[in-house]
Amino acid sequence: MLDKTRREPDRKLLIKGTQLAAGRHADEIVDILIANGKIADIAPQIDATDAEVLDGNQTLATPGFVDGHRHLWQTNLRGMLANAVLADYYRGVRVGYATVYTPDDVYLGVYAGAVDALRDGVTTVLDHCHIINSPEHADAAASALKDAGIRAIFCYGFYAPPVKNPVFRQRHDRYHDVGRIRRDLFPSDDGLVTLGAALTEQWLVPEDVTADEVRTAHDLNLRNVTLHVGANPAKTDIERFRSTKCFGPAFTYSHCVSCQAAFFKFAAETGSAVVSTPETELGMGMGFPSTNKALEAGTRFGLGIDIVSFGNGDMLTTTRLALQTARALHCQPSVLADKMPESAGFSTKDALTWATSGGAGAVGLADKIGSLEVGKQADLVLFTTDRLSLSPLSDAATAIVMHARSNDIDTVIVDGQVRVRGGELIGVDIKGLLPKLEESKRLILDRVQQARSEQSNMSKAYESLISGKNE
Ligand SMILES: [Zn+2]
């Protein structure tokens, strides 16, 4: 497999005549010069005879989307939980399918999910990988992300799915293994894929376990730590976040739907970030997305997909859901008072920000990506505009957030490398992937069926999961 984390050296790319969708020069038509993986220049007219020219006529250029919370390994289970609430998900996935995944299933799910995300304009993903049932599972996930050519934060999961014959006999074995991964696969934080940690939900484990998990991430100097927070029925105890040192600029809390204003204030004061995944939050009975509360408190804030075992992997859908839900919540007091709201509260420009620069901030990459500026890494997406569905053309942010479809994405560039051109992934054997995904899903279902008929451990595991006695 081609190592897509390596950049072709000294190759320049010149995008001619594209309309910027964000930033100070939004809606201006410009040329963008890309060199050594970075945006080298943005100007009305650039001449670079040594650059490969890419015609940007009738396109909108936006920073690549940043997905701040996804479990890529569940790509093999697409749609299996489409009608599930969170309890079904715990029963079906966390103590079910997760126990029978092989390293090959993990590789396939993470790789397929990552390239599918790329096709939809996601150039950076924070992968909350809570399927690490053995060192081989961890290796598979890391390799898949590196092979996909996406910018990614591989967050090694400390959660222990209740497998029948665990390779990791105790939780310290996982801490030891993430140390191996750091040393052998991610010795620095300079690569396209970097290492982080995904903690076990606080309500699933005793306080000392959370403290150990945080300490492990800290000792390995990991720049990213993520965990699920405040997804019903979980209560959020700020004191416990403090005592376990579960806060700070490295932290990205996902969901936070049931958290109150005091928690968001705490997150803002400690520099922790919040990511909302509106499709799963709204659809699985978690509660209303935290967008309004997080923004009001001033936390770093972004969006994520969460799981395609439930919903759509498309960030455009997610962004629109986030926007309209935030508007509904903003207007609801007026509605209840039988008054016409004065404003919608949030604009299409705001929503595009959450999906791009906001997300970059929420995963600690604001200095590198998230905007189209000279000096930033060249992660960007070109949308084609000569479509009936986008005509007549509105301002670029509105066109992308409200009217664009992922099929309007023509080009996706990550770190200066063209990953999608003409709407097609480059160097990805889609035809070969499809039967593999079908087969992997079939085998996972067979194995879980087998496990269920052999023992009643699944329901026991579920009971202990929801009663907080995971280990
Ligand atoms: Zn999640």
# chains A, B, ... in the order shown; residues from 1 in each chain; ligands from 1
call {"tool": "residues_near_ligand", "arguments": {"ligand": "ligand 1", "cutoff": "8 Å", "atoms": "only C-alpha atoms and all ligand atoms", "output": "list of chain:residue names"}}
result
A:His69, A:Arg70, A:His71, A:His128, A:His228, A:Ser254, A:His255, A:Asp306, A:Ile307
call {"tool": "write_last_selection", "arguments": {"atoms": "N, CA and C atoms", "output": "PDB file, in the first residue's frame"}}
result
ATOM      1  N   HIS A  69     -15.216  14.462  15.788  1.00  0.00           N
ATOM      2  CA  HIS A  69     -15.591  13.270  16.573  1.00  0.00           C
ATOM      3  C   HIS A  69     -16.197  12.205  15.669  1.00  0.00           C
ATOM      4  N   ARG A  70     -15.403  11.192  15.369  1.00  0.00           N
ATOM      5  CA  ARG A  70     -15.954  10.070  14.593  1.00  0.00           C
ATOM      6  C   ARG A  70     -15.330   8.753  15.061  1.00  0.00           C
ATOM      7  N   HIS A  71     -16.152   7.698  14.995  1.00  0.00           N
ATOM      8  CA  HIS A  71     -15.659   6.341  15.256  1.00  0.00           C
ATOM      9  C   HIS A  71     -15.590   5.642  13.902  1.00  0.00           C
ATOM     10  N   HIS A 128     -12.026   8.736  17.274  1.00  0.00           N
ATOM     11  CA  HIS A 128     -12.152   8.204  18.633  1.00  0.00           C
ATOM     12  C   HIS A 128     -12.245   6.686  18.489  1.00  0.00           C
ATOM     13  N   HIS A 228     -16.236  11.096  25.626  1.00  0.00           N
ATOM     14  CA  HIS A 228     -17.661  11.396  25.583  1.00  0.00           C
ATOM     15  C   HIS A 228     -18.056  12.039  26.904  1.00  0.00           C
ATOM     16  N   SER A 254     -16.733  15.432  23.554  1.00  0.00           N
ATOM     17  CA  SER A 254     -17.777  15.269  22.543  1.00  0.00           C
ATOM     18  C   SER A 254     -19.156  15.258  23.210  1.00  0.00           C
ATOM     19  N   HIS A 255     -20.117  15.806  22.488  1.00  0.00           N
ATOM     20  CA  HIS A 255     -21.543  15.862  22.869  1.00  0.00           C
ATOM     21  C   HIS A 255     -21.878  16.958  23.888  1.00  0.00           C
ATOM     22  N   ASP A 306     -19.698  11.364  14.297  1.00  0.00           N
ATOM     23  CA  ASP A 306     -19.916  10.307  15.282  1.00  0.00           C
ATOM     24  C   ASP A 306     -19.911   8.928  14.617  1.00  0.00           C
ATOM     25  N   ILE A 307     -21.047   8.470  14.119  1.00  0.00           N
ATOM     26  CA  ILE A 307     -21.096   7.087  13.615  1.00  0.00           C
ATOM     27  C   ILE A 307     -21.958   6.963  12.356  1.00  0.00           C
TER      28      ILE A 307
END
call {"tool": "residues_around", "arguments": {"residues": "Phe241 in chain A", "least_positions_apart": "6", "cutoff": "12 Å", "atoms": "only C-alpha atoms", "output": "PyMOL selection string"}}
result
chain A and resi 201-203+207-208+210-211+214+227+229+235+247-248+251+253+263+266-267+270+272
call {"tool": "write_last_selection", "arguments": {"atoms": "N, CA and C atoms", "output": "PDB file, in the first residue's frame"}}
result
ATOM      1  N   GLU A 201     -15.509   6.707  29.186  1.00  0.00           N
ATOM      2  CA  GLU A 201     -16.465   7.659  29.755  1.00  0.00           C
ATOM      3  C   GLU A 201     -16.317   7.663  31.277  1.00  0.00           C
ATOM      4  N   GLN A 202     -16.351   8.838  31.857  1.00  0.00           N
ATOM      5  CA  GLN A 202     -16.141   8.931  33.309  1.00  0.00           C
ATOM      6  C   GLN A 202     -17.180   8.137  34.094  1.00  0.00           C
ATOM      7  N   TRP A 203     -18.415   8.105  33.599  1.00  0.00           N
ATOM      8  CA  TRP A 203     -19.450   7.428  34.377  1.00  0.00           C
ATOM      9  C   TRP A 203     -19.343   5.908  34.308  1.00  0.00           C
ATOM     10  N   GLU A 207     -13.168   6.864  39.687  1.00  0.00           N
ATOM     11  CA  GLU A 207     -12.371   8.084  39.526  1.00  0.00           C
ATOM     12  C   GLU A 207     -10.879   7.806  39.310  1.00  0.00           C
ATOM     13  N   ASP A 208     -10.345   6.808  40.053  1.00  0.00           N
ATOM     14  CA  ASP A 208      -8.900   6.555  39.925  1.00  0.00           C
ATOM     15  C   ASP A 208      -8.540   6.051  38.527  1.00  0.00           C
ATOM     16  N   THR A 210     -10.056   7.039  35.673  1.00  0.00           N
ATOM     17  CA  THR A 210      -9.974   8.249  34.839  1.00  0.00           C
ATOM     18  C   THR A 210      -8.644   8.964  35.082  1.00  0.00           C
ATOM     19  N   ALA A 211      -8.284   9.080  36.357  1.00  0.00           N
ATOM     20  CA  ALA A 211      -7.026   9.775  36.680  1.00  0.00           C
ATOM     21  C   ALA A 211      -5.841   9.057  36.041  1.00  0.00           C
ATOM     22  N   VAL A 214      -5.826   9.749  32.266  1.00  0.00           N
ATOM     23  CA  VAL A 214      -5.335  11.108  31.992  1.00  0.00           C
ATOM     24  C   VAL A 214      -3.817  11.162  32.166  1.00  0.00           C
ATOM     25  N   LEU A 227     -12.984  12.541  25.016  1.00  0.00           N
ATOM     26  CA  LEU A 227     -13.897  11.630  25.714  1.00  0.00           C
ATOM     27  C   LEU A 227     -15.341  12.079  25.518  1.00  0.00           C
ATOM     28  N   VAL A 229     -18.775  13.130  26.809  1.00  0.00           N
ATOM     29  CA  VAL A 229     -19.209  13.837  28.018  1.00  0.00           C
ATOM     30  C   VAL A 229     -20.689  14.182  27.895  1.00  0.00           C
ATOM     31  N   LYS A 235     -24.469  12.033  34.095  1.00  0.00           N
ATOM     32  CA  LYS A 235     -24.361  13.305  34.817  1.00  0.00           C
ATOM     33  C   LYS A 235     -22.907  13.758  34.760  1.00  0.00           C
ATOM     34  N   PHE A 247      -8.993  18.082  31.906  1.00  0.00           N
ATOM     35  CA  PHE A 247      -9.317  19.364  31.272  1.00  0.00           C
ATOM     36  C   PHE A 247      -8.041  19.981  30.701  1.00  0.00           C
ATOM     37  N   GLY A 248      -8.210  20.976  29.877  1.00  0.00           N
ATOM     38  CA  GLY A 248      -7.051  21.708  29.362  1.00  0.00           C
ATOM     39  C   GLY A 248      -7.057  21.773  27.847  1.00  0.00           C
ATOM     40  N   PHE A 251      -7.794  18.823  25.527  1.00  0.00           N
ATOM     41  CA  PHE A 251      -9.047  18.063  25.661  1.00  0.00           C
ATOM     42  C   PHE A 251     -10.142  18.498  24.692  1.00  0.00           C
ATOM     43  N   TYR A 253     -14.071  17.515  24.348  1.00  0.00           N
ATOM     44  CA  TYR A 253     -15.231  16.799  24.895  1.00  0.00           C
ATOM     45  C   TYR A 253     -16.268  16.655  23.782  1.00  0.00           C
ATOM     46  N   PHE A 263     -20.773  23.909  33.349  1.00  0.00           N
ATOM     47  CA  PHE A 263     -19.772  23.035  32.730  1.00  0.00           C
ATOM     48  C   PHE A 263     -19.094  23.738  31.547  1.00  0.00           C
ATOM     49  N   PHE A 266     -16.663  26.135  32.797  1.00  0.00           N
ATOM     50  CA  PHE A 266     -15.470  25.392  33.213  1.00  0.00           C
ATOM     51  C   PHE A 266     -14.617  25.036  31.988  1.00  0.00           C
ATOM     52  N   ALA A 267     -15.287  24.546  30.927  1.00  0.00           N
ATOM     53  CA  ALA A 267     -14.550  24.163  29.712  1.00  0.00           C
ATOM     54  C   ALA A 267     -13.842  25.379  29.125  1.00  0.00           C
ATOM     55  N   THR A 270     -10.850  26.507  31.296  1.00  0.00           N
ATOM     56  CA  THR A 270      -9.705  25.592  31.318  1.00  0.00           C
ATOM     57  C   THR A 270      -9.129  25.357  29.927  1.00  0.00           C
ATOM     58  N   SER A 272     -10.603  23.834  27.430  1.00  0.00           N
ATOM     59  CA  SER A 272     -11.059  22.582  26.823  1.00  0.00           C
ATOM     60  C   SER A 272     -12.053  22.893  25.701  1.00  0.00           C
TER      61      SER A 272
END
call {"tool": "residues_around", "arguments": {"residues": "range 45-47 of chain A", "least_positions_apart": "2", "cutoff": "9 Å", "atoms": "only C-alpha atoms", "output": "PyMOL selection string"}}
result
chain A and resi 14+16-17+30-33+41-43+49+51
call {"tool": "closest_residue", "arguments": {"among": "A:Ala355, A:Ile305, A:Pro278, A:Leu434", "to": "Ala326 in chain A", "atoms": "only C-alpha atoms"}}
result
A:Pro278
call {"tool": "atom_distance", "arguments": {"atom1": "CA of Glu424 in chain A", "atom2": "CA of Ile369 in chain A"}}
result
23.1 Å
call {"tool": "atom_distance", "arguments": {"atom1": "CA of Gly375 in chain A", "atom2": "CA of Leu222 in chain A"}}
result
24.5 Å
call {"tool": "atom_distance", "arguments": {"atom1": "CA of Thr280 in chain A", "atom2": "CA of His403 in chain A"}}
result
21.9 Å
call {"tool": "select_by_dssp", "arguments": {"residues": "range 202-436 of chain A", "states": "helix (DSSP H, G or I)", "output": "VMD selection string"}}
result
chain A and resid 202 to 204 207 to 219 238 to 243 261 to 270 278 to 283 291 to 297 315 to 336 348 to 362 388 to 390 396 to 403 406 to 408 430 to 436
call {"tool": "closest_residue", "arguments": {"among": "A:Ala197, A:Val275, A:Ile409, A:Leu77", "to": "Arg442 in chain A", "atoms": "only C-alpha atoms"}}
result
A:Leu77
call {"tool": "residues_around", "arguments": {"residues": "Gly92 in chain A", "least_positions_apart": "5", "cutoff": "12 Å", "atoms": "only C-alpha atoms", "output": "list of chain:residue names"}}
result
A:Gln74, A:Leu77, A:Met80, A:Leu81, A:Ala82, A:Asn83, A:Ala84, A:Val85, A:Leu86, A:Ala87, A:Tyr97, A:Ala98, A:Thr99, A:Val100, A:Pro161, A:Ser309, A:Phe310, A:Ile444, A:Leu445, A:Val448, A:Gln449, A:Arg452, A:Met458, A:Ser459, A:Ala461, A:Tyr462
call {"tool": "write_last_selection", "arguments": {"atoms": "C-alpha atoms", "output": "mmCIF file, in the first residue's frame"}}
result
data_model
loop_
_atom_site.group_PDB
_atom_site.id
_atom_site.type_symbol
_atom_site.label_atom_id
_atom_site.label_comp_id
_atom_site.auth_asym_id
_atom_site.auth_seq_id
_atom_site.Cartn_x
_atom_site.Cartn_y
_atom_site.Cartn_z
ATOM 1 C CA GLN A 74 -17.986 1.436 12.602
ATOM 2 C CA LEU A 77 -21.777 -1.453 10.317
ATOM 3 C CA MET A 80 -27.160 -1.107 11.396
ATOM 4 C CA LEU A 81 -28.243 1.243 14.194
ATOM 5 C CA ALA A 82 -30.256 3.665 12.074
ATOM 6 C CA ASN A 83 -33.323 3.378 14.301
ATOM 7 C CA ALA A 84 -31.496 2.995 17.596
ATOM 8 C CA VAL A 85 -31.546 5.080 20.712
ATOM 9 C CA LEU A 86 -28.384 5.259 22.803
ATOM 10 C CA ALA A 87 -29.325 2.229 24.939
ATOM 11 C CA TYR A 97 -20.207 -5.863 17.683
ATOM 12 C CA ALA A 98 -17.159 -4.300 19.363
ATOM 13 C CA THR A 99 -16.335 -7.633 20.996
ATOM 14 C CA VAL A 100 -16.002 -9.562 17.728
ATOM 15 C CA PRO A 161 -15.051 -3.971 25.149
ATOM 16 C CA SER A 309 -23.645 2.863 11.875
ATOM 17 C CA PHE A 310 -26.417 5.366 12.644
ATOM 18 C CA ILE A 444 -19.150 -9.591 12.198
ATOM 19 C CA LEU A 445 -22.883 -10.341 12.349
ATOM 20 C CA VAL A 448 -21.898 -11.718 17.246
ATOM 21 C CA GLN A 449 -24.812 -14.098 16.673
ATOM 22 C CA ARG A 452 -24.988 -14.327 21.765
ATOM 23 C CA MET A 458 -23.775 -9.878 26.348
ATOM 24 C CA SER A 459 -26.670 -8.868 28.510
ATOM 25 C CA ALA A 461 -21.943 -6.943 30.001
ATOM 26 C CA TYR A 462 -24.620 -4.464 29.069
#
